[in-house]
Structure formats: structure tokens, C-alpha cells
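First the structure, in the form of C-alpha cells, and then the observations on it.
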Amino acid sequence: MKIKDNLNISGELLMKSGSPDSRLEAEILLRHVLKIDRATMFSNLENVLDNKQENDIAELVQRRLANEPLSYITGTREFYSLDFQITSDVLIPRQETETLVDEVIKISKENPLKIVDVGTGSGAIAIALAVNLPLAKIIATDISVDALHVAESNTKMNDVFSRINFKQGNLLDVLDEKVDVIVSNPPYIPSNQIEHLQPEVKKEPHIALDGGSDGLEYIRQLIGNCSENLNDNGHIFIEIDPSQSEEVLEIADTHFPDAITAIIKDLSQDNRVLSIHLT
Ligand SMILES: C[S@@+](CC[C@H](N)C(=O)[O-])C[C@H]1O[C@@H](n2cnc3c(N)ncnc32)[C@H](O)[C@@H]1O
């Protein structure tokens with residue numbers, strides 16, 4: 001079968017199963033098997049696939065039809081213009097999380113700050129910060145040992161292995177020094193909403209999604225324990241669901257009545273980040 005015919009068949013199967021980007025996904029799966037870039041694929045549309053290539057592509061399309069996320073199939077994801085290795089042990093980094101990285105970079109540019117990324121998962125936030133803030137000292141924590149293995153291998157892939165100190169444990173409990181910035185994308189989906197998530201999101205680690213009965217369990221704990229871990233003038237940046245804006249501002253104001261608090265929007269203009277600046 002020619003490459004162009006294979007793309008049409010896979011694209012149609014994926015479209016029928018409801019994928020909004022069916023053609024693009026068909027291209028990505030084919031290119032993953034053939035290990036070619038997009039330009040090469042387009043200049044070889046008339047080339048004929050051998051049997052093994054056809055079977056390998058068909059197998060990946062079947063996995064996608066069974067709602068396995070594309071990043072788990074290809075094992076990669078781009079975040080903050082960097083490449084990350086992704087396995088089913090980690091949340092797939094989302095574009096909206098880049099807002100957290102932007103905010104930390106804005107306040108850090110000229111100061112060599114000590115930063116902790118709580119619940120680092122694939123290491124996306126910590127690594128994007130290490131690459132963009134060469135003077136920063138960065139600690140990354142996660143309760144999941146498997147996630148920390150993935151994060152560590154991503155530091156090697158992005159040449160920042162020696163820049164990040166990984167610690168395994170609950171939230172800030174493992175911190176043995178004060179920091180200037182606490183940044184976190186914690187689990188924040190209410191437990192009773194997990195079963196209603198899209199099937200492919202449900203394939204991501206439960207521990208990365210479930211934020212307890214109202215989704216705010218980890219955010220409350222984090223904010224509640226921040227003060228003993230933060231230096232004067234410290235900053236806290238926490239990713240939230242837009243629907244949680246008012247509640248997280250209340251939590252922040254209760255714990256830090258004198259701090260400057262704000263909700264920052266992501267690129268889609270959704271409320272995405274709780275910012276607390278201790279004064
Ligand atoms: C929403 S994911 C975020 C992953 C990554 N930071 C990102 O933005 O793509 C939440 C992460 O928090 C971790 N986590 C869950 N409970 C935790 C806890 N009690 N202490 C530390 N990390 C926790 C999960 O293992 C997961 O990696």
C-alpha cells in the first residue's frame with residue numbers, strides 16, 4: 001500500500017472514532033513507525049510500505065482507537081519548545097501549564113532564585129525552568145517513584161541533569177531548605193468527576209488527576225504548608241481549573257492576608273494560575 005493510501009485509511013478510521021485531528025494523528029503514527037519527518041513523508045507519498053511497516057502502523061492505529069493517548073503511543077511530547085519522554089507513569093504535559101513556567105520566568109530573570117516544582121511528573125515545569133533560568137537552583141518533588149524516573153531521564157535528554165535535585169515524598173514534606181518560589185500543577189480534579197473524563201484522560205495516572213472530594217485537597221495542603229518553606233518575599237504559583245478561581249483566592253487570603261494574590265489567565269484566556277506574592 002502507498003503511504004498516501006495508508007494515511008487516508010488510518011485517517012478515516014480515526015475520524016470515525018471521533019478524533020478531531022484524525023488526519024494529523026494518522027500522519028504522526030505513520031511517521032513514528034517510519035522514523036521520518038513531515039517533509040520527507042510528503043515527498044514520498046507515492047512510496048509503497050512493506051508488510052511489516054503496514055502491520056506496525058495498523059497496530060498503533062488500533063491502540064489509538066482504544067483511546068490510548070497519542071503521547072503514550074509515540075512516547076514523546078513537546079512542552080515549552082522542549083522534547084520530553086512520556087510514559088503512562090506520568091501526566092502528559094499540557095499547553096496551559098506553560099503559563100506557570102512563564103510566570104516563574106518573569107519574576108526570576110535577574111535573580112538566582114531557589115525554586116521547587118511540587119508534583120513534577122515528567123519534569124516538564126522543572127526542566128523548562130532549568131533550561132530558561134541558568135542561574136536558578138531547582139528542586140523537583142513527586143510522590144511517585146516511577147514519575148521521578150521519567151523526570152530524571154528527561155533531565156538527561158534536555159542537558160540539565162546536574163541542575164535539578166529530585167526528592168520523593170508528599171508535597172513539601174521532603175523539603176529541607178527554604179525556597180524563593182513554590183510552583184505546582186497539583187492534581188485538582190474532584191474525585192467524582194474522574195469517571196466522567198474523556199476516555200483518553202482516564203488512561204493517565206489517577207494519582208496525577210484526583211484532587212479529592214472538591215478537587216482542592218492538595219491545593220489546600222500546599223498553601224497551608226507553604227509559609228514554613230518560603231523565604232521572605234517568596235512567590236507561590238499553582239495551576240487551577242478555571243472554576244476554582246474564587247475558592248483558591250479565599251484559601252490564599254485566609255493563610256496569607258497580607259500577600260498580593262491574583263489569578264492569571266492562560267493563552268486561551270481561561271483563569272489558570274493562582275499567584276501569591278508574600279510581602
Ligand atoms: C497534574 S500532575 C502534574 C505533572 C507535571 N508537573 C505537569 O505539569 O505535567 C500532578 C503530579 O503530582 C504528583 N502527586 C500526586 N500526589 C502527590 C503528593 N501527595 N505529593 C507529591 N506529588 C504528588 C503526581 O504523581 C503527578 O506527577
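By order of appearance in the C-alpha cells: chains A, B, ..., then residues from 1 within every chain, and ligands from 1 in the order shown.
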Report as JSON lines the residues of stretch 83-136 of chain A within 6 Å of stretch 176-192 of chain A, each with its shortest atom pair and distance in Å (one decimal), using only C-alpha atoms, ordered by chain and increasing residue number.
{"residue": "A:Leu113", "atom": "CA", "partner": "A:Asp180", "partner_atom": "CA", "distance": 5.9}
{"residue": "A:Lys114", "atom": "CA", "partner": "A:Val179", "partner_atom": "CA", "distance": 5.0}
{"residue": "A:Ile115", "atom": "CA", "partner": "A:Val181", "partner_atom": "CA", "distance": 4.7}
{"residue": "A:Val116", "atom": "CA", "partner": "A:Ile182", "partner_atom": "CA", "distance": 5.1}
{"residue": "A:Asp117", "atom": "CA", "partner": "A:Val183", "partner_atom": "CA", "distance": 4.9}
{"residue": "A:Val118", "atom": "CA", "partner": "A:Ser184", "partner_atom": "CA", "distance": 4.9}
Once you have the residues from the selection above, write them out as a short mmCIF file (atom, residue, chain, number, x, y, z; two decimals), in the first residue's frame, restricted to all heavy atoms.
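Written output follows (result22.cif):
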data_model
loop_
_atom_site.label_atom_id
_atom_site.label_comp_id
_atom_site.auth_asym_id
_atom_site.auth_seq_id
_atom_site.Cartn_x
_atom_site.Cartn_y
_atom_site.Cartn_z
N LEU A 113 17.19 32.48 41.82
CA LEU A 113 16.25 32.03 42.85
C LEU A 113 16.32 30.51 43.09
O LEU A 113 16.74 29.75 42.21
CB LEU A 113 14.82 32.39 42.43
CG LEU A 113 14.52 33.88 42.26
CD1 LEU A 113 13.06 34.08 41.88
CD2 LEU A 113 14.84 34.65 43.53
N LYS A 114 15.87 30.14 44.28
CA LYS A 114 15.72 28.73 44.62
C LYS A 114 14.25 28.38 44.39
O LYS A 114 13.37 29.03 44.98
CB LYS A 114 16.10 28.52 46.08
CG LYS A 114 16.73 27.18 46.36
CD LYS A 114 17.07 27.06 47.82
CE LYS A 114 18.44 27.62 48.14
NZ LYS A 114 18.77 27.45 49.59
N ILE A 115 14.00 27.39 43.55
CA ILE A 115 12.62 27.09 43.13
C ILE A 115 12.32 25.63 43.40
O ILE A 115 13.16 24.76 43.12
CB ILE A 115 12.48 27.34 41.60
CG1 ILE A 115 12.83 28.80 41.26
CG2 ILE A 115 11.09 26.97 41.10
CD1 ILE A 115 13.02 29.06 39.77
N VAL A 116 11.10 25.33 43.90
CA VAL A 116 10.68 23.93 44.00
C VAL A 116 9.45 23.70 43.13
O VAL A 116 8.50 24.48 43.16
CB VAL A 116 10.43 23.47 45.46
CG1 VAL A 116 9.33 24.25 46.13
CG2 VAL A 116 10.12 21.97 45.50
N ASP A 117 9.51 22.64 42.31
CA ASP A 117 8.36 22.21 41.49
C ASP A 117 7.74 21.01 42.21
O ASP A 117 8.35 19.94 42.27
CB ASP A 117 8.85 21.84 40.08
CG ASP A 117 7.78 21.16 39.25
OD1 ASP A 117 6.58 21.34 39.54
OD2 ASP A 117 8.15 20.44 38.28
N VAL A 118 6.55 21.20 42.75
CA VAL A 118 5.90 20.15 43.55
C VAL A 118 4.98 19.31 42.68
O VAL A 118 4.06 19.85 42.05
CB VAL A 118 5.10 20.78 44.72
CG1 VAL A 118 4.46 19.69 45.57
CG2 VAL A 118 5.98 21.67 45.57
#
When DSSP is applied to the backbone of this structure, which of stretch 4-242 of chain A are assigned helix (DSSP H, G or I)? Write them out as an MDAnalysis selection string. chainID A and resid 4:16 22:34 38:43 51:65 70:74 95:108 124:132 145:157 161:163 191:196 201:203 206:209 217:229 242
Tell me which protein, DNA and RNA residues are within 8 Å of A:Val90, counting only C-alpha atoms, leaving out same-chain ones fewer than 2 positions away, and put them as a list in words. Ile86, Thr87, Ser88, Ile92, Gly121, Ser122, Ala147, Val150, Glu204, Pro205 and Ala208 of chain A
Extract the full set of strand (DSSP E or B) residues from stretch 73-256 of chain A according to DSSP on the backbone, and format it as a PyMOL selection string. chain A and resi 76-79+82-85+114-118+137-142+164-168+179-184+189+210+230-239
Create the file for the chosen residues now, containing C-alpha atoms and written as a short mmCIF file (atom, residue, chain, number, x, y, z; two decimals), in the first residue's frame.
data_model
loop_
_atom_site.label_atom_id
_atom_site.label_comp_id
_atom_site.auth_asym_id
_atom_site.auth_seq_id
_atom_site.Cartn_x
_atom_site.Cartn_y
_atom_site.Cartn_z
CA THR A 76 7.11 11.87 23.33
CA ARG A 77 5.56 15.28 23.92
CA GLU A 78 6.69 18.85 23.32
CA PHE A 79 6.42 21.31 26.21
CA LEU A 82 11.47 21.17 24.52
CA ASP A 83 11.12 17.44 23.88
CA PHE A 84 10.04 15.14 26.70
CA GLN A 85 9.94 11.39 27.00
CA LYS A 114 15.72 28.73 44.62
CA ILE A 115 12.62 27.09 43.13
CA VAL A 116 10.68 23.93 44.00
CA ASP A 117 8.36 22.21 41.49
CA VAL A 118 5.90 20.15 43.55
CA LYS A 137 18.62 26.33 41.84
CA ILE A 138 15.81 23.85 41.21
CA ILE A 139 14.30 21.10 43.34
CA ALA A 140 11.56 18.80 42.00
CA THR A 141 9.38 16.53 44.10
CA ASP A 142 6.83 13.82 43.42
CA ILE A 164 17.72 19.57 39.34
CA ASN A 165 17.64 17.91 42.74
CA PHE A 166 14.83 15.29 42.83
CA LYS A 167 13.10 14.28 46.04
CA GLN A 168 10.42 11.64 46.53
CA VAL A 179 12.97 28.34 48.77
CA ASP A 180 12.02 31.57 46.98
CA VAL A 181 9.40 30.08 44.68
CA ILE A 182 6.95 27.21 45.03
CA VAL A 183 5.43 26.19 41.70
CA SER A 184 2.98 23.34 41.27
CA ILE A 189 -9.99 17.24 39.53
CA ASP A 210 -7.57 13.16 41.60
CA LEU A 230 9.20 30.07 51.82
CA ASN A 231 11.75 32.85 52.17
CA ASP A 232 10.60 36.45 52.75
CA ASN A 233 9.15 37.93 49.58
CA GLY A 234 8.51 34.41 48.31
CA HIS A 235 6.17 33.52 45.48
CA ILE A 236 3.68 30.68 45.05
CA PHE A 237 2.26 29.72 41.65
CA ILE A 238 -0.36 26.95 41.50
CA GLU A 239 -2.25 25.72 38.44
#
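The space separating atom CA of A:Ala151 from atom CA of A:Ile240 comes to 21.9 Å.
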Between A:Asn6, A:Ser144, A:Ser213, A:Asn132, which has the minimum distance to ligand 1 (counting only C-alpha atoms and all ligand atoms)? A:Ser144
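When atom CA of A:Cys226 is paired with atom CA of A:Thr254, their separation reads 12.8 Å.
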